[in-house]
>>> print(open('my_file-v7.cif').read())   # mmCIF, C-alpha atoms
data_model
#
loop_
_atom_site.group_PDB
_atom_site.id
_atom_site.type_symbol
_atom_site.label_atom_id
_atom_site.label_comp_id
_atom_site.auth_asym_id
_atom_site.auth_seq_id
_atom_site.Cartn_x
_atom_site.Cartn_y
_atom_site.Cartn_z
ATOM 1 C CA MET A 1 131.606 241.671 161.017
ATOM 2 C CA GLN A 2 127.899 241.863 161.848
ATOM 3 C CA ASN A 3 126.522 239.899 164.797
ATOM 4 C CA ILE A 4 122.867 238.996 165.306
ATOM 5 C CA ASP A 5 121.466 240.753 168.366
ATOM 6 C CA PHE A 6 120.119 238.750 171.297
ATOM 7 C CA PRO A 7 117.280 238.294 171.880
ATOM 8 C CA PHE A 8 116.486 237.943 168.196
ATOM 9 C CA HIS A 9 114.319 240.734 166.834
ATOM 10 C CA ILE A 10 113.662 242.798 163.734
ATOM 11 C CA ASP A 11 115.062 246.344 163.584
ATOM 12 C CA SER A 12 113.290 249.484 162.319
ATOM 13 C CA THR A 13 114.310 248.758 158.711
ATOM 14 C CA GLY A 14 112.652 245.328 158.734
ATOM 15 C CA GLN A 15 115.979 243.480 158.814
ATOM 16 C CA THR A 16 117.427 241.150 161.427
ATOM 17 C CA ALA A 17 118.812 243.355 164.206
ATOM 18 C CA THR A 18 122.593 243.355 164.500
ATOM 19 C CA THR A 19 124.945 244.488 167.239
ATOM 20 C CA THR A 20 128.586 245.350 167.879
ATOM 21 C CA ASN A 21 131.216 242.785 168.868
ATOM 22 C CA SER A 22 131.269 244.045 172.473
ATOM 23 C CA ASP A 23 127.496 243.780 172.815
ATOM 24 C CA HIS A 24 127.530 240.360 171.159
ATOM 25 C CA ILE A 25 130.086 239.105 173.690
ATOM 26 C CA ARG A 26 127.946 240.481 176.538
ATOM 27 C CA ASP A 27 124.893 238.723 175.045
ATOM 28 C CA MET A 28 126.803 235.431 174.885
ATOM 29 C CA ILE A 29 127.912 235.800 178.518
ATOM 30 C CA CYS A 30 124.292 236.353 179.544
ATOM 31 C CA GLN A 31 123.250 233.194 177.706
ATOM 32 C CA ILE A 32 125.964 231.148 179.423
ATOM 33 C CA LEU A 33 125.148 232.506 182.885
ATOM 34 C CA PHE A 34 121.414 231.898 182.772
ATOM 35 C CA THR A 35 121.186 228.676 180.769
ATOM 36 C CA SER A 36 121.011 225.492 182.801
ATOM 37 C CA PRO A 37 123.134 222.517 181.699
ATOM 38 C CA GLY A 38 120.895 220.110 179.814
ATOM 39 C CA GLU A 39 118.606 222.884 178.584
ATOM 40 C CA ARG A 40 120.090 222.923 175.068
ATOM 41 C CA VAL A 41 119.491 219.724 173.132
ATOM 42 C CA ASN A 42 122.699 219.598 171.078
ATOM 43 C CA ARG A 43 124.919 221.104 173.790
ATOM 44 C CA PRO A 44 124.023 219.369 177.054
ATOM 45 C CA THR A 45 126.961 220.874 178.980
ATOM 46 C CA PHE A 46 126.297 224.474 177.871
ATOM 47 C CA GLY A 47 125.533 226.934 180.668
ATOM 48 C CA CYS A 48 126.233 227.595 184.343
ATOM 49 C CA GLY A 49 123.037 226.606 186.078
ATOM 50 C CA LEU A 50 122.963 229.721 188.254
ATOM 51 C CA ASN A 51 119.161 229.672 188.348
ATOM 52 C CA GLN A 52 119.246 226.439 190.338
ATOM 53 C CA LEU A 53 121.330 227.940 193.135
ATOM 54 C CA VAL A 54 119.397 231.168 193.743
ATOM 55 C CA PHE A 55 117.239 229.609 196.456
ATOM 56 C CA GLU A 56 120.113 228.019 198.377
ATOM 57 C CA PRO A 57 120.910 229.558 201.775
ATOM 58 C CA ASN A 58 123.169 232.571 201.359
ATOM 59 C CA SER A 59 126.678 231.720 202.563
ATOM 60 C CA PHE A 60 130.349 232.120 201.707
ATOM 61 C CA GLU A 61 130.298 228.593 200.305
ATOM 62 C CA LEU A 62 127.448 229.483 197.921
ATOM 63 C CA ILE A 63 129.289 232.587 196.707
ATOM 64 C CA ALA A 64 132.486 230.579 196.133
ATOM 65 C CA THR A 65 130.521 227.905 194.255
ATOM 66 C CA LEU A 66 128.847 230.502 192.046
ATOM 67 C CA GLU A 67 132.162 232.200 191.264
ATOM 68 C CA PHE A 68 133.719 228.846 190.356
ATOM 69 C CA LEU A 69 130.755 227.928 188.119
ATOM 70 C CA ILE A 70 130.906 231.272 186.328
ATOM 71 C CA ARG A 71 134.667 231.225 185.790
ATOM 72 C CA SER A 72 134.743 227.609 184.593
ATOM 73 C CA SER A 73 131.762 227.983 182.241
ATOM 74 C CA LEU A 74 133.110 231.170 180.696
ATOM 75 C CA GLN A 75 136.534 229.554 180.335
ATOM 76 C CA GLN A 76 135.007 226.533 178.619
ATOM 77 C CA TRP A 77 132.766 228.396 176.180
ATOM 78 C CA MET A 78 134.443 231.771 175.642
ATOM 79 C CA SER A 79 138.177 231.333 176.245
ATOM 80 C CA GLU A 80 138.966 232.504 172.709
ATOM 81 C CA LEU A 81 137.021 235.743 173.184
ATOM 82 C CA ILE A 82 137.454 236.864 176.794
ATOM 83 C CA GLU A 83 139.596 236.518 179.879
ATOM 84 C CA VAL A 84 137.749 236.869 183.176
ATOM 85 C CA ALA A 85 139.449 239.324 185.529
ATOM 86 C CA ASP A 86 136.967 239.460 188.417
ATOM 87 C CA VAL A 87 133.612 238.012 189.468
ATOM 88 C CA LYS A 88 131.495 239.396 192.305
ATOM 89 C CA ILE A 89 128.225 237.779 193.377
ATOM 90 C CA GLU A 90 125.293 239.130 195.387
ATOM 91 C CA VAL A 91 122.332 236.964 196.387
ATOM 92 C CA ASN A 92 119.347 238.717 197.970
ATOM 93 C CA ASP A 93 116.163 236.679 198.450
ATOM 94 C CA SER A 94 115.345 235.479 194.925
ATOM 95 C CA THR A 95 117.588 237.967 193.087
ATOM 96 C CA LEU A 96 121.021 237.043 191.815
ATOM 97 C CA THR A 97 123.410 239.815 190.737
ATOM 98 C CA VAL A 98 126.701 239.060 189.003
ATOM 99 C CA LEU A 99 129.329 241.760 188.444
ATOM 100 C CA LEU A 100 131.793 240.544 185.853
ATOM 101 C CA VAL A 101 135.010 242.252 184.783
ATOM 102 C CA TYR A 102 136.646 240.784 181.691
ATOM 103 C CA ALA A 103 139.093 241.571 178.916
ATOM 104 C CA GLU A 104 138.002 241.237 175.305
ATOM 105 C CA LEU A 105 140.935 239.426 173.730
ATOM 106 C CA ILE A 106 140.354 240.564 170.130
ATOM 107 C CA ALA A 107 139.733 244.258 170.891
ATOM 108 C CA GLY A 108 142.105 244.303 173.862
ATOM 109 C CA ASN A 109 139.861 246.379 176.115
ATOM 110 C CA MET A 110 138.460 245.782 179.590
ATOM 111 C CA GLN A 111 134.718 245.590 180.092
ATOM 112 C CA SER A 112 132.500 245.333 183.131
ATOM 113 C CA ALA A 113 128.917 244.156 183.095
ATOM 114 C CA VAL A 114 126.200 243.546 185.645
ATOM 115 C CA PHE A 115 123.812 240.642 185.118
ATOM 116 C CA THR A 116 120.706 240.351 187.265
ATOM 117 C CA LYS A 117 118.189 237.551 187.437
ATOM 118 C CA THR A 118 115.070 237.506 189.593
ATOM 119 C CA ILE A 119 113.262 234.235 189.973
#
>>> encode(input="my_file-v7.cif", output="structure tokens")
Amino acid sequence: MQNIDFPFHIDSTGQTATTTNSDHIRDMICQILFTSPGERVNRPTFGCGLNQLVFEPNSFELIATLEFLIRSSLQQWMSELIEVADVKIEVNDSTLTVLLVYAELIAGNMQSAVFTKTI
């Protein structure tokens, strides 16, 4: 099955760029992490809202809140595709780094990905 690559672009052959299932899942995770609830018109609950918490004072409570938001959002939107094994958060000034370890349920393999957002 071919998946449209994110962000949308045209490949070297002039066709819509496609990607593998693993990359498509990673792209979907990125969209969930960095989309704020209410940002999508037809899906008002889509996203984590991590961007809104980057400027909060760094604390154990903030890290726990971020981990909960990530786990619950991924469970809600991607429970048929992945199972989250571990989430690690780093907040430095205006940079948010998320290390995510997850199992792809269809392929049956473990993946790890780092997502970084600077605001």
>>> residues_around(input="my_file-v7.cif", residues="stretch 75-83 of chain A", least_positions_apart="2", cutoff="8 Å", atoms="all atoms listed in the file", output="list in words")
Ile25, Phe46, Arg71, Ser72, Ser73, Ala85, Tyr102, Ala103, Glu104, Leu105 and Ile106 of chain A
>>> resolve_selection(input="my_file-v7.cif", expression="the PyMOL selection byres ((chain A and resi 90-99) around 7)", output="NGL selection string")
:A and (54-55 or 58 or 87-89 or 100-101 or 113-119)
>>> resolve_selection(input="my_file-v7.cif", expression="the PyMOL selection byres ((chain A and resi 8) around 12)", output="PyMOL selection string")
chain A and resi 3-7+9-11+15-19+24+27
>>> atom_distance(input="my_file-v7.cif", atom1="atom CA of A:Thr45", atom2="atom CA of A:Pro57")
25.1 Å
>>> closest_residue(input="my_file-v7.cif", among="A:Asn51, A:Thr20, A:Ser59, A:Ser12", to="A:Pro37", atoms="all atoms listed in the file")
A:Asn51
